[in-house]
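K.L.:
Handing over data.cif, mmCIF, C-alpha atoms and all ligand atoms.
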data_query
loop_
_atom_site.label_atom_id
_atom_site.label_comp_id
_atom_site.auth_asym_id
_atom_site.auth_seq_id
_atom_site.Cartn_x
_atom_site.Cartn_y
_atom_site.Cartn_z
CA MET A 1 22.54 -13.25 -37.12
CA TYR A 2 20.96 -11.26 -34.29
CA PHE A 3 17.61 -11.23 -36.07
CA VAL A 4 17.62 -14.98 -36.62
CA VAL A 5 18.04 -15.62 -32.89
CA GLU A 6 15.38 -13.03 -32.09
CA HIS A 7 12.96 -14.66 -34.53
CA GLN A 8 13.55 -18.15 -33.09
CA GLU A 9 12.94 -16.91 -29.54
CA LYS A 10 9.69 -15.19 -30.50
CA ALA A 11 8.42 -18.25 -32.36
CA LEU A 12 8.70 -20.33 -29.18
CA GLN A 13 7.34 -17.67 -26.89
CA GLN A 14 4.04 -18.29 -25.12
CA THR A 15 1.74 -15.59 -23.82
CA ILE A 16 0.33 -16.06 -20.31
CA LEU A 17 -2.38 -14.01 -18.62
CA VAL A 18 -1.33 -13.85 -14.97
CA THR A 19 -3.71 -12.43 -12.37
CA GLY A 20 -2.45 -11.07 -9.05
CA GLY A 21 1.00 -10.67 -10.59
CA ALA A 22 1.90 -7.69 -8.38
CA GLY A 23 1.48 -9.74 -5.20
CA PHE A 24 4.02 -11.92 -3.45
CA ILE A 25 3.90 -15.22 -5.38
CA GLY A 26 2.47 -13.69 -8.55
CA SER A 27 5.34 -11.21 -8.93
CA ASN A 28 7.92 -13.95 -8.39
CA PHE A 29 6.14 -15.99 -11.08
CA VAL A 30 6.00 -13.05 -13.50
CA LEU A 31 9.72 -12.34 -13.03
CA GLN A 32 10.52 -16.01 -13.61
CA SER A 33 8.25 -16.28 -16.69
CA VAL A 34 9.51 -13.12 -18.39
CA GLY A 35 13.06 -14.21 -17.52
CA SER A 36 12.51 -17.49 -19.31
CA GLY A 37 11.25 -15.78 -22.48
CA ASP A 38 7.48 -15.78 -22.06
CA ARG A 39 5.26 -12.77 -22.60
CA VAL A 40 3.13 -11.95 -19.56
CA ILE A 41 -0.08 -9.95 -19.44
CA ASN A 42 -0.36 -9.07 -15.76
CA LEU A 43 -3.85 -8.22 -14.47
CA ASP A 44 -3.83 -6.95 -10.90
CA LYS A 45 -6.27 -4.78 -8.97
CA LEU A 46 -3.47 -3.37 -6.80
CA THR A 47 -5.15 -3.88 -3.45
CA TYR A 48 -3.05 -3.20 -0.33
CA ALA A 49 -1.14 -6.43 -1.18
CA GLY A 50 -0.27 -5.50 -4.77
CA ASN A 51 2.99 -3.66 -5.23
CA LEU A 52 4.41 -2.52 -8.56
CA GLU A 53 7.83 -2.17 -6.93
CA ASN A 54 8.00 -5.98 -6.96
CA LEU A 55 8.14 -5.72 -10.76
CA GLN A 56 10.76 -2.96 -10.92
CA GLN A 57 13.25 -5.22 -12.77
CA ILE A 58 10.88 -5.60 -15.74
CA ARG A 59 9.38 -2.12 -15.63
CA SER A 60 9.97 -1.38 -19.30
CA HIS A 61 10.41 -4.92 -20.55
CA PRO A 62 8.58 -5.42 -23.87
CA ASP A 63 7.31 -8.84 -22.75
CA HIS A 64 5.51 -7.53 -19.67
CA VAL A 65 2.17 -5.76 -20.04
CA PHE A 66 0.66 -4.53 -16.77
CA VAL A 67 -3.08 -3.84 -16.57
CA ARG A 68 -4.76 -2.55 -13.43
CA GLY A 69 -8.10 -4.32 -13.02
CA GLY A 70 -10.06 -6.99 -11.20
CA ILE A 71 -10.62 -10.63 -12.14
CA GLU A 72 -14.31 -10.02 -11.49
CA ASP A 73 -14.48 -7.52 -14.37
CA ASN A 74 -15.78 -9.61 -17.29
CA ASP A 75 -15.25 -6.82 -19.82
CA VAL A 76 -11.58 -6.26 -19.00
CA VAL A 77 -10.79 -9.98 -18.84
CA GLY A 78 -12.71 -10.63 -22.08
CA GLN A 79 -10.85 -7.83 -23.87
CA LEU A 80 -7.46 -9.08 -22.69
CA LEU A 81 -8.24 -12.63 -23.84
CA ALA A 82 -9.41 -11.41 -27.26
CA LYS A 83 -6.50 -9.02 -27.76
CA PHE A 84 -3.55 -11.07 -26.50
CA ARG A 85 -4.89 -14.61 -27.09
CA PRO A 86 -2.89 -16.17 -24.21
CA THR A 87 -2.22 -19.90 -24.21
CA ALA A 88 -2.82 -19.96 -20.47
CA VAL A 89 -4.41 -18.06 -17.61
CA VAL A 90 -2.81 -18.44 -14.17
CA ASN A 91 -5.06 -17.19 -11.40
CA PHE A 92 -3.08 -15.97 -8.37
CA ALA A 93 -5.41 -13.05 -7.58
CA ALA A 94 -6.89 -13.42 -4.11
CA GLU A 95 -7.31 -12.03 -0.67
CA SER A 96 -4.72 -14.22 1.00
CA HIS A 97 -4.36 -13.46 4.70
CA VAL A 98 -6.21 -15.68 7.19
CA ASP A 99 -6.25 -13.06 9.98
CA ARG A 100 -7.79 -10.47 7.65
CA SER A 101 -10.45 -13.03 6.65
CA ILE A 102 -11.40 -13.31 10.32
CA HIS A 103 -11.78 -9.53 10.68
CA GLY A 104 -13.55 -9.02 7.33
CA PRO A 105 -14.65 -12.12 5.41
CA GLU A 106 -16.73 -10.41 2.71
CA GLU A 107 -13.80 -9.30 0.53
CA PHE A 108 -12.66 -12.93 0.54
CA VAL A 109 -15.98 -14.18 -0.79
CA LEU A 110 -16.08 -11.41 -3.41
CA THR A 111 -12.58 -11.90 -4.80
CA ASN A 112 -11.76 -15.54 -4.09
CA LEU A 113 -15.15 -17.05 -4.85
CA LEU A 114 -17.14 -14.63 -7.03
CA GLY A 115 -14.03 -13.25 -8.73
CA THR A 116 -12.74 -16.72 -9.59
CA PHE A 117 -16.19 -17.68 -10.88
CA ARG A 118 -16.26 -14.61 -13.14
CA ILE A 119 -12.81 -15.08 -14.66
CA LEU A 120 -13.41 -18.81 -15.07
CA ASP A 121 -16.68 -18.18 -16.87
CA THR A 122 -15.16 -15.51 -19.12
CA CYS A 123 -12.34 -17.94 -19.96
CA LEU A 124 -14.87 -20.65 -20.79
CA LYS A 125 -16.62 -18.32 -23.26
CA HIS A 126 -13.27 -17.43 -24.82
CA TRP A 127 -12.08 -21.06 -24.95
CA ARG A 128 -15.24 -22.05 -26.82
CA THR A 129 -14.37 -19.63 -29.61
CA LEU A 130 -10.93 -21.20 -30.10
CA LYS A 131 -10.24 -23.81 -32.76
CA GLY A 132 -7.68 -26.58 -33.36
CA GLN A 133 -4.31 -26.25 -31.63
CA ALA A 134 -5.28 -23.03 -29.82
CA ARG A 135 -8.27 -24.80 -28.24
CA ASP A 136 -6.30 -27.97 -27.38
CA SER A 137 -3.40 -26.19 -25.74
CA PHE A 138 -5.37 -23.58 -23.73
CA ARG A 139 -5.12 -23.97 -19.93
CA PHE A 140 -6.69 -22.29 -16.90
CA LEU A 141 -4.57 -22.84 -13.79
CA GLN A 142 -6.04 -22.12 -10.36
CA VAL A 143 -3.44 -21.40 -7.68
CA SER A 144 -4.81 -22.80 -4.45
CA THR A 145 -3.69 -23.68 -0.98
CA ASP A 146 -3.20 -26.61 1.39
CA GLU A 147 -5.55 -24.88 3.85
CA VAL A 148 -8.59 -26.19 1.96
CA TYR A 149 -7.83 -29.66 3.38
CA GLY A 150 -8.28 -28.50 6.99
CA SER A 151 -6.04 -29.34 9.93
CA LEU A 152 -3.94 -32.44 10.70
CA SER A 153 -3.14 -34.03 14.05
CA ALA A 154 0.51 -34.63 14.92
CA ASP A 155 0.71 -38.19 13.59
CA GLU A 156 -1.48 -38.02 10.45
CA PRO A 157 0.16 -38.34 7.00
CA GLY A 158 0.36 -35.23 4.80
CA PHE A 159 -2.52 -34.05 2.61
CA ARG A 160 -2.88 -35.94 -0.68
CA GLU A 161 -4.85 -34.82 -3.74
CA GLN A 162 -7.65 -37.19 -2.63
CA THR A 163 -7.90 -35.75 0.90
CA PRO A 164 -11.46 -34.43 1.36
CA TYR A 165 -11.82 -30.65 1.65
CA SER A 166 -12.46 -29.39 5.17
CA PRO A 167 -11.73 -25.63 5.27
CA ASN A 168 -11.82 -23.91 8.65
CA SER A 169 -11.35 -20.18 8.04
CA PRO A 170 -13.27 -17.75 5.83
CA TYR A 171 -10.09 -17.57 3.72
CA SER A 172 -9.78 -21.31 3.18
CA ALA A 173 -13.55 -21.71 2.71
CA SER A 174 -13.54 -19.10 -0.07
CA LYS A 175 -10.54 -20.79 -1.73
CA ALA A 176 -12.23 -24.19 -1.40
CA GLY A 177 -15.39 -22.87 -3.08
CA ALA A 178 -13.30 -21.51 -5.95
CA ASP A 179 -11.52 -24.85 -6.36
CA HIS A 180 -14.87 -26.65 -6.57
CA LEU A 181 -16.02 -24.28 -9.32
CA VAL A 182 -12.80 -24.90 -11.27
CA ARG A 183 -13.29 -28.65 -10.91
CA ALA A 184 -16.93 -28.36 -12.00
CA TYR A 185 -15.97 -26.44 -15.16
CA PHE A 186 -13.81 -29.41 -16.20
CA HIS A 187 -16.46 -32.01 -15.48
CA THR A 188 -19.40 -30.05 -16.85
CA TYR A 189 -17.93 -28.18 -19.80
CA GLY A 190 -14.69 -30.05 -20.48
CA MET A 191 -12.71 -26.84 -19.94
CA PRO A 192 -8.96 -27.65 -19.65
CA VAL A 193 -8.27 -26.59 -16.06
CA LEU A 194 -5.49 -27.41 -13.61
CA THR A 195 -5.32 -26.80 -9.86
CA THR A 196 -2.28 -26.58 -7.62
CA ASN A 197 -2.60 -26.74 -3.81
CA CYS A 198 0.50 -25.40 -2.16
CA SER A 199 1.80 -25.13 1.39
CA ASN A 200 3.12 -21.96 3.09
CA ASN A 201 5.43 -19.91 0.88
CA TYR A 202 8.20 -17.57 1.96
CA GLY A 203 10.83 -15.50 0.14
CA PRO A 204 11.35 -12.07 -1.47
CA PHE A 205 8.44 -9.61 -1.82
CA GLN A 206 6.15 -11.22 0.79
CA PHE A 207 3.93 -8.62 2.43
CA PRO A 208 4.87 -8.23 6.12
CA GLU A 209 1.51 -9.32 7.48
CA LYS A 210 2.54 -13.00 7.14
CA LEU A 211 4.60 -14.78 9.80
CA ILE A 212 8.11 -14.73 8.30
CA PRO A 213 8.38 -11.15 6.97
CA LEU A 214 6.45 -9.81 9.98
CA MET A 215 8.95 -11.39 12.35
CA ILE A 216 11.95 -10.17 10.34
CA LEU A 217 10.68 -6.59 10.17
CA ASN A 218 9.57 -6.46 13.81
CA ALA A 219 12.94 -7.82 14.92
CA LEU A 220 14.80 -5.23 12.84
CA GLU A 221 12.71 -2.49 14.44
CA GLY A 222 13.13 -3.88 17.96
CA ARG A 223 9.38 -4.59 18.22
CA SER A 224 7.95 -7.67 19.92
CA LEU A 225 7.66 -10.94 17.97
CA PRO A 226 4.00 -11.96 18.50
CA VAL A 227 3.70 -15.76 18.60
CA TYR A 228 0.09 -16.96 18.60
CA GLY A 229 -0.99 -19.44 21.28
CA ASP A 230 1.69 -21.92 22.33
CA GLY A 231 3.73 -21.44 19.13
CA LEU A 232 3.53 -25.14 18.34
CA ASN A 233 1.29 -24.95 15.27
CA VAL A 234 3.05 -26.56 12.33
CA ARG A 235 3.36 -25.32 8.75
CA ASP A 236 5.15 -26.90 5.75
CA TRP A 237 7.41 -24.18 4.30
CA LEU A 238 8.28 -23.84 0.61
CA TYR A 239 10.60 -21.25 -0.94
CA VAL A 240 8.53 -19.15 -3.36
CA GLU A 241 10.71 -19.75 -6.43
CA ASP A 242 10.24 -23.51 -6.03
CA HIS A 243 6.49 -22.95 -6.02
CA CYS A 244 6.72 -20.86 -9.21
CA GLU A 245 8.73 -23.58 -10.95
CA ALA A 246 6.10 -26.13 -9.94
CA ILE A 247 3.35 -23.98 -11.46
CA ALA A 248 5.29 -23.60 -14.73
CA LEU A 249 5.79 -27.37 -14.86
CA VAL A 250 2.12 -28.13 -14.18
CA LEU A 251 1.17 -25.65 -16.94
CA GLU A 252 3.50 -27.37 -19.35
CA LYS A 253 2.94 -31.02 -18.50
CA GLY A 254 -0.01 -31.35 -16.12
CA ARG A 255 -3.04 -33.32 -17.22
CA PRO A 256 -6.22 -31.21 -17.61
CA GLY A 257 -8.71 -31.79 -14.83
CA GLU A 258 -6.00 -32.87 -12.38
CA THR A 259 -4.89 -31.27 -9.15
CA TYR A 260 -1.28 -31.28 -7.96
CA ASN A 261 -0.13 -30.75 -4.39
CA VAL A 262 3.02 -28.64 -3.96
CA GLY A 263 4.94 -28.63 -0.69
CA GLY A 264 8.25 -27.99 0.96
CA GLU A 265 8.45 -31.28 2.87
CA SER A 266 9.78 -28.99 5.55
CA GLU A 267 7.50 -28.98 8.58
CA LYS A 268 8.34 -26.53 11.34
CA THR A 269 6.56 -25.24 14.41
CA ASN A 270 6.09 -21.48 14.40
CA LEU A 271 8.50 -21.25 17.32
CA GLU A 272 11.17 -23.08 15.33
CA VAL A 273 10.69 -20.64 12.45
CA VAL A 274 10.97 -17.58 14.71
CA ASP A 275 13.98 -19.10 16.42
CA VAL A 276 15.85 -19.64 13.12
CA ILE A 277 15.07 -16.05 12.06
CA CYS A 278 16.47 -14.77 15.37
CA THR A 279 19.63 -16.86 14.98
CA ILE A 280 20.28 -15.53 11.47
CA LEU A 281 19.56 -11.95 12.53
CA ASP A 282 21.91 -12.29 15.51
CA GLU A 283 24.61 -13.05 12.97
CA LEU A 284 23.69 -10.60 10.16
CA HIS A 285 22.30 -7.76 12.27
CA VAL A 286 24.32 -7.90 15.46
CA VAL A 287 23.35 -4.46 16.73
CA SER A 288 20.14 -5.65 18.36
CA ALA A 289 21.10 -9.25 19.28
CA PRO A 290 19.86 -11.38 20.95
CA HIS A 291 16.59 -11.07 18.99
CA ARG A 292 15.02 -14.00 20.87
CA ASN A 293 14.34 -11.66 23.80
CA LEU A 294 11.66 -9.99 21.68
CA ILE A 295 9.44 -13.12 21.49
CA GLN A 296 6.06 -12.57 23.08
CA TYR A 297 3.28 -15.16 23.31
CA VAL A 298 -0.04 -13.55 22.44
CA GLN A 299 -3.68 -14.57 22.25
CA ASP A 300 -4.27 -17.28 19.66
CA ARG A 301 -5.92 -16.89 16.24
CA PRO A 302 -9.58 -18.02 16.44
CA GLY A 303 -10.02 -21.44 14.81
CA HIS A 304 -6.24 -21.72 14.37
CA ASP A 305 -5.40 -24.85 12.30
CA ARG A 306 -2.91 -26.95 14.21
CA ARG A 307 -0.87 -28.55 11.46
CA TYR A 308 -0.52 -28.55 7.67
CA ALA A 309 1.68 -30.98 5.74
CA ILE A 310 1.69 -31.72 2.02
CA ASP A 311 2.38 -35.01 0.30
CA CYS A 312 3.73 -33.84 -3.06
CA SER A 313 4.74 -37.29 -4.38
CA LYS A 314 2.34 -37.02 -7.36
CA LEU A 315 4.03 -33.86 -8.63
CA LYS A 316 7.46 -35.39 -8.12
CA GLN A 317 6.71 -38.75 -9.71
CA GLU A 318 4.44 -37.64 -12.54
CA LEU A 319 6.09 -34.39 -13.57
CA GLY A 320 9.60 -34.71 -12.13
CA TRP A 321 9.46 -31.63 -9.89
CA GLN A 322 11.94 -31.19 -7.05
CA GLN A 323 12.45 -28.38 -4.55
CA ARG A 324 15.79 -26.58 -4.99
CA GLU A 325 15.90 -24.90 -1.57
CA THR A 326 15.88 -26.46 1.88
CA PHE A 327 14.36 -24.42 4.68
CA ALA A 328 17.88 -23.67 5.95
CA THR A 329 19.06 -22.20 2.62
CA GLY A 330 15.75 -20.51 1.75
CA ILE A 331 15.28 -18.74 5.08
CA ARG A 332 18.84 -17.43 5.04
CA LYS A 333 18.30 -16.00 1.54
CA THR A 334 15.01 -14.50 2.66
CA VAL A 335 16.39 -12.76 5.75
CA ALA A 336 19.29 -11.43 3.65
CA TRP A 337 16.82 -10.17 1.02
CA TYR A 338 14.84 -8.14 3.57
CA LEU A 339 18.07 -6.75 5.06
CA SER A 340 19.18 -5.54 1.64
CA HIS A 341 15.80 -4.06 0.61
CA GLN A 342 15.33 -1.31 3.17
CA GLN A 343 13.66 1.03 0.67
CA TRP A 344 11.07 -1.62 -0.25
CA ILE A 345 10.37 -2.04 3.46
CA LYS A 346 10.07 1.72 4.02
CA ASN A 347 7.56 2.05 1.18
CA ILE A 348 5.44 -0.81 2.59
CA HIS A 349 4.94 1.10 5.84
CA SER A 350 1.79 2.82 4.64
CA ALA A 351 -1.00 4.16 6.81
CA GLU A 352 -3.05 1.12 5.77
CA TYR A 353 -0.31 -1.21 7.03
CA ARG A 354 -0.09 0.51 10.41
CA LYS A 355 -3.88 0.38 10.71
CA TRP A 356 -3.83 -3.38 10.05
CA ILE A 357 -1.11 -3.96 12.66
CA ASP A 358 -3.23 -2.08 15.21
CA THR A 359 -6.37 -3.98 14.22
CA ASN A 360 -4.75 -7.40 14.50
CA TYR A 361 -2.37 -7.00 17.43
CA ALA A 362 -3.62 -4.23 19.74
CA GLY A 363 -6.34 -6.47 21.21
CA ARG A 364 -4.07 -9.50 21.65
CA ASN A 365 -2.84 -9.21 25.20
CA ALA A 366 0.37 -10.99 26.03
CA ASN A 367 -0.51 -14.59 26.86
CA CYS A 368 1.20 -15.50 30.12
CA GLU A 369 0.00 -19.12 30.07
CA ALA A 370 2.14 -20.26 27.12
P1 LIG B 1 -0.83 -11.66 -2.03
O1 LIG B 1 -1.88 -11.24 -1.07
O2 LIG B 1 0.58 -11.31 -1.78
O3 LIG B 1 -1.18 -11.09 -3.49
C1 LIG B 1 -2.47 -11.10 -4.02
C2 LIG B 1 -2.46 -10.22 -5.27
O4 LIG B 1 -3.77 -10.29 -5.87
C3 LIG B 1 -2.20 -8.75 -4.99
O5 LIG B 1 -1.28 -8.25 -5.93
C4 LIG B 1 -3.56 -8.08 -5.15
O6 LIG B 1 -3.49 -6.74 -5.58
C5 LIG B 1 -4.20 -8.97 -6.20
N1 LIG B 1 -5.67 -8.96 -6.16
C6 LIG B 1 -6.47 -9.03 -5.07
N2 LIG B 1 -7.77 -9.00 -5.47
C7 LIG B 1 -7.76 -8.94 -6.82
C8 LIG B 1 -8.79 -8.91 -7.81
N3 LIG B 1 -10.09 -8.93 -7.48
N4 LIG B 1 -8.43 -8.87 -9.10
C9 LIG B 1 -7.13 -8.81 -9.46
N5 LIG B 1 -6.12 -8.82 -8.58
C10 LIG B 1 -6.44 -8.89 -7.27
O7 LIG B 1 -1.03 -13.22 -2.19
P2 LIG B 1 0.07 -14.38 -2.38
O8 LIG B 1 0.57 -14.77 -1.06
O9 LIG B 1 1.00 -13.98 -3.45
O10 LIG B 1 -0.87 -15.55 -2.90
C11 LIG B 1 -1.16 -15.70 -4.28
C12 LIG B 1 -2.09 -16.90 -4.48
O11 LIG B 1 -1.46 -18.07 -3.97
C13 LIG B 1 -3.41 -16.76 -3.72
O12 LIG B 1 -4.43 -17.28 -4.55
C14 LIG B 1 -3.23 -17.63 -2.48
O13 LIG B 1 -4.46 -18.17 -2.06
C15 LIG B 1 -2.31 -18.71 -3.03
N6 LIG B 1 -1.43 -19.34 -2.03
C16 LIG B 1 -0.63 -18.56 -1.22
C17 LIG B 1 0.26 -19.17 -0.32
C18 LIG B 1 1.15 -18.37 0.58
O14 LIG B 1 1.82 -18.95 1.44
N7 LIG B 1 1.24 -17.07 0.42
C19 LIG B 1 0.30 -20.57 -0.26
C20 LIG B 1 -0.52 -21.32 -1.10
C21 LIG B 1 -1.36 -20.69 -1.99
O1 LIG B 2 1.85 -12.62 13.97
C1 LIG B 2 1.72 -13.84 13.72
N1 LIG B 2 2.00 -14.75 14.69
C2 LIG B 2 1.85 -16.09 14.52
O2 LIG B 2 2.10 -16.89 15.42
C3 LIG B 2 1.27 -14.32 12.43
C4 LIG B 2 0.96 -13.35 11.34
C5 LIG B 2 1.14 -15.67 12.27
N2 LIG B 2 1.39 -16.54 13.28
C6 LIG B 2 1.21 -17.99 13.04
C7 LIG B 2 -0.14 -18.39 12.47
C8 LIG B 2 0.21 -19.60 11.63
O3 LIG B 2 0.20 -20.77 12.44
O4 LIG B 2 2.17 -18.37 12.04
C9 LIG B 2 1.63 -19.35 11.15
C10 LIG B 2 1.70 -18.80 9.73
O5 LIG B 2 0.79 -17.73 9.66
P1 LIG B 2 0.57 -16.90 8.29
O6 LIG B 2 1.88 -16.41 7.80
O7 LIG B 2 -0.53 -15.92 8.53
O8 LIG B 2 0.13 -18.06 7.29
P2 LIG B 2 -1.06 -19.13 7.33
O9 LIG B 2 -2.19 -18.67 8.17
O10 LIG B 2 -0.45 -20.46 7.64
O11 LIG B 2 -1.52 -19.07 5.78
C11 LIG B 2 -0.53 -18.98 4.74
O12 LIG B 2 -0.31 -20.22 4.14
C12 LIG B 2 -1.26 -20.72 3.26
C13 LIG B 2 -0.90 -17.95 3.70
O13 LIG B 2 -1.18 -16.71 4.34
C14 LIG B 2 -2.05 -18.38 2.85
O14 LIG B 2 -2.31 -17.44 1.83
C15 LIG B 2 -1.72 -19.71 2.24
O15 LIG B 2 -2.81 -20.18 1.52
#
Take the structure in this file and express it as structure tokens.
Ligand code: NAD
Ligand code: TDX

P.N.:
Amino acid sequence: MYFVVEHQEKALQQTILVTGGAGFIGSNFVLQSVGSGDRVINLDKLTYAGNLENLQQIRSHPDHVFVRGGIEDNDVVGQLLAKFRPTAVVNFAAESHVDRSIHGPEEFVLTNLLGTFRILDTCLKHWRTLKGQARDSFRFLQVSTDEVYGSLSADEPGFREQTPYSPNSPYSASKAGADHLVRAYFHTYGMPVLTTNCSNNYGPFQFPEKLIPLMILNALEGRSLPVYGDGLNVRDWLYVEDHCEAIALVLEKGRPGETYNVGGESEKTNLEVVDVICTILDELHVVSAPHRNLIQYVQDRPGHDRRYAIDCSKLKQELGWQQRETFATGIRKTVAWYLSHQQWIKNIHSAEYRKWIDTNYAGRNANCEA
């Protein structure tokens, strides 16, 4: 009886090549996919942002194959495609932090633009060798961002799939270029691609260079909470597991050549976000309350986009997606996760991390005008 069940599960199992699967969103996606019975081949270069500890739960799982390598390496990608014959490639791999792209844009062009071109082109060559059902069902999914659409004023409606691209940072420009290449491979070669453009994610395993984990960790350590500019920039926050479910749904049911916006429908100013984190910490980590006293306004990010908001009605209406978490429930889970993962936090505090914190914050004098 056991073998019958095992056989049925394997017959339905799909193999996915995931890139960047040791990063924040990628590792959440890998855990979700393996948990739902898929086999995942996980290609990650393990830059400062890649962390195998994120995958601890599936360390020796037979359906998870980890390969250290870059998306720009045609040989490695070609060999993985030929050996494992995945039904889909999901490209998370990227340099993802806007502030780092301001300090050093070249890595962003190399990985996000050239790297995406290389893996896309290798996938095209592979796809052309496929026949019948394998060729029809193959998908390349590009994980992109709302930042490619530029910045909104306070009263503009959220970004739609038709909103023209208008990237403002080296990060968003490199992601925009990659998205254009993906689109061009559909129109020129008929390659079955999909693109998702998502708003700001938060949740377990996010590297503490981004707003939410940085604020949680600084608050726990009694360090200042550096709010850029006037703190009134707006982001649309989505819990990471909701994003991963959206990607799985787009893979399964999305129409090739289409793009799908994914968002939290949960717009908050940065100050509101920091304030909620402080309130939760005052309750769960009373020793250093009130955490609000740690807020410090600092010099703004150059070219700082004022507001992002996503209109995700296409994804909801066409594919039936729905967020499970509200910001209130998601942020509480997230703060609790960091509080209960002290060892993960300790291991993140590498020399590289401290160097980055110095690079980004030492020159930002406290901004008395805000
Ligand atoms: P992350 O920085 O946490 O992880 C990136 C991962 O990619 C790391 O594991 C890193 O080692 C790996 N990587 C970097 N260069 C590579 C290369 N050349 N080859 C293979 N692997 C490489 O990023 P994240 O926040 O998880 O974002 C994942 C994707 O989602 C990115 O494409 C990003 O643009 C997109 N995105 C992120 C957000 C967000 O809020 N974090 C929102 C929308 C879209
Ligand atoms: O110390 C900080 N202080 C601060 O005020 C940091 C790190 C950020 N901020 C502000 C800048 C932004 O307005 O908080 C907001 C969020 O900043 P980040 O966490 O750096 O995210 P953002 O720049 O909005 O980009 C994120 O969302 C879209 C991800 O990093 C991208 O990968 C994703 O594509």

K.L.:
Smallest atom-to-atom distance to Arg183 in chain A: which of A:Phe140, A:Tyr228, A:Ser153, A:Ala82, using only C-alpha atoms?

P.N.:
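Among the listed residues, A:Phe140 lies closest to Arg183 in chain A.
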
K.L.:
Enter the distance from atom C20 of ligand LIG 1 (chain B) to CA of Ala351 in chain A, in Å, rounded to one decimal.

P.N.:
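Taking atom C20 of ligand LIG 1 (chain B) and CA of Ala351 in chain A, their separation equals 26.7 Å.
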
K.L.:
Between CA of Ser101 in chain A and CA of Glu265 in chain A, what is the distance, to one decimal in Å?

P.N.:
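Between these atoms lies a distance of 26.5 Å.
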
K.L.:
Please extract the residues at most 9 Å from ligand LIG 2 (chain B), counting only C-alpha atoms and all ligand atoms, and provide them as a CSV table (one decimal) with C-alpha atoms, in the coordinates of the input, using the chain letters and residue numbers of this document.

P.N.:
chain,number,residue,atom,x,y,z
A,94,ALA,CA,-6.9,-13.4,-4.1
A,95,GLU,CA,-7.3,-12.0,-0.7
A,96,SER,CA,-4.7,-14.2,1.0
A,97,HIS,CA,-4.4,-13.5,4.7
A,98,VAL,CA,-6.2,-15.7,7.2
A,99,ASP,CA,-6.2,-13.1,10.0
A,144,SER,CA,-4.8,-22.8,-4.4
A,145,THR,CA,-3.7,-23.7,-1.0
A,146,ASP,CA,-3.2,-26.6,1.4
A,147,GLU,CA,-5.6,-24.9,3.8
A,148,VAL,CA,-8.6,-26.2,2.0
A,171,TYR,CA,-10.1,-17.6,3.7
A,172,SER,CA,-9.8,-21.3,3.2
A,175,LYS,CA,-10.5,-20.8,-1.7
A,197,ASN,CA,-2.6,-26.7,-3.8
A,198,CYS,CA,0.5,-25.4,-2.2
A,199,SER,CA,1.8,-25.1,1.4
A,200,ASN,CA,3.1,-22.0,3.1
A,201,ASN,CA,5.4,-19.9,0.9
A,202,TYR,CA,8.2,-17.6,2.0
A,208,PRO,CA,4.9,-8.2,6.1
A,209,GLU,CA,1.5,-9.3,7.5
A,210,LYS,CA,2.5,-13.0,7.1
A,211,LEU,CA,4.6,-14.8,9.8
A,212,ILE,CA,8.1,-14.7,8.3
A,213,PRO,CA,8.4,-11.2,7.0
A,214,LEU,CA,6.4,-9.8,10.0
A,215,MET,CA,9.0,-11.4,12.4
A,225,LEU,CA,7.7,-10.9,18.0
A,226,PRO,CA,4.0,-12.0,18.5
A,227,VAL,CA,3.7,-15.8,18.6
A,228,TYR,CA,0.1,-17.0,18.6
A,229,GLY,CA,-1.0,-19.4,21.3
A,230,ASP,CA,1.7,-21.9,22.3
A,231,GLY,CA,3.7,-21.4,19.1
A,232,LEU,CA,3.5,-25.1,18.3
A,233,ASN,CA,1.3,-25.0,15.3
A,234,VAL,CA,3.0,-26.6,12.3
A,235,ARG,CA,3.4,-25.3,8.8
A,236,ASP,CA,5.2,-26.9,5.8
A,237,TRP,CA,7.4,-24.2,4.3
A,269,THR,CA,6.6,-25.2,14.4
A,270,ASN,CA,6.1,-21.5,14.4
A,271,LEU,CA,8.5,-21.2,17.3
A,273,VAL,CA,10.7,-20.6,12.4
A,274,VAL,CA,11.0,-17.6,14.7
A,297,TYR,CA,3.3,-15.2,23.3
A,298,VAL,CA,0.0,-13.6,22.4
A,300,ASP,CA,-4.3,-17.3,19.7
A,301,ARG,CA,-5.9,-16.9,16.2
A,304,HIS,CA,-6.2,-21.7,14.4
A,305,ASP,CA,-5.4,-24.8,12.3
A,306,ARG,CA,-2.9,-27.0,14.2
A,307,ARG,CA,-0.9,-28.6,11.5
A,308,TYR,CA,-0.5,-28.6,7.7
A,360,ASN,CA,-4.8,-7.4,14.5
A,361,TYR,CA,-2.4,-7.0,17.4

K.L.:
Record the distance separating CA of Val109 in chain A and CA of Phe207 in chain A, expressed in Å with one decimal.

P.N.:
20.9 Å

K.L.:
Extract, using only C-alpha atoms, all DNA, RNA and protein residues at most 12 Å from Ile345 in chain A, discarding same-chain residues fewer than 6 positions from it, and format them as a PyMOL selection string.

P.N.:
chain A and resi 51+53-54+204-208+213-214+216-218+220-221+337-339+353

K.L.:
Set the distance at 9 Å and use all atoms listed in the file: which residues neighbour Phe186 in chain A once local chain neighbours fewer than 6 positions away are removed? I'd like the list as a PDB file with C-alpha atoms, keeping the file's coordinate frame.

P.N.:
ATOM      1  CA  PRO A 192      -8.960 -27.650 -19.650  1.00  0.00           C
ATOM      2  CA  VAL A 193      -8.270 -26.590 -16.060  1.00  0.00           C
ATOM      3  CA  LEU A 194      -5.490 -27.410 -13.610  1.00  0.00           C
ATOM      4  CA  PRO A 256      -6.220 -31.210 -17.610  1.00  0.00           C
ATOM      5  CA  GLY A 257      -8.710 -31.790 -14.830  1.00  0.00           C
TER       6      GLY A 257
END
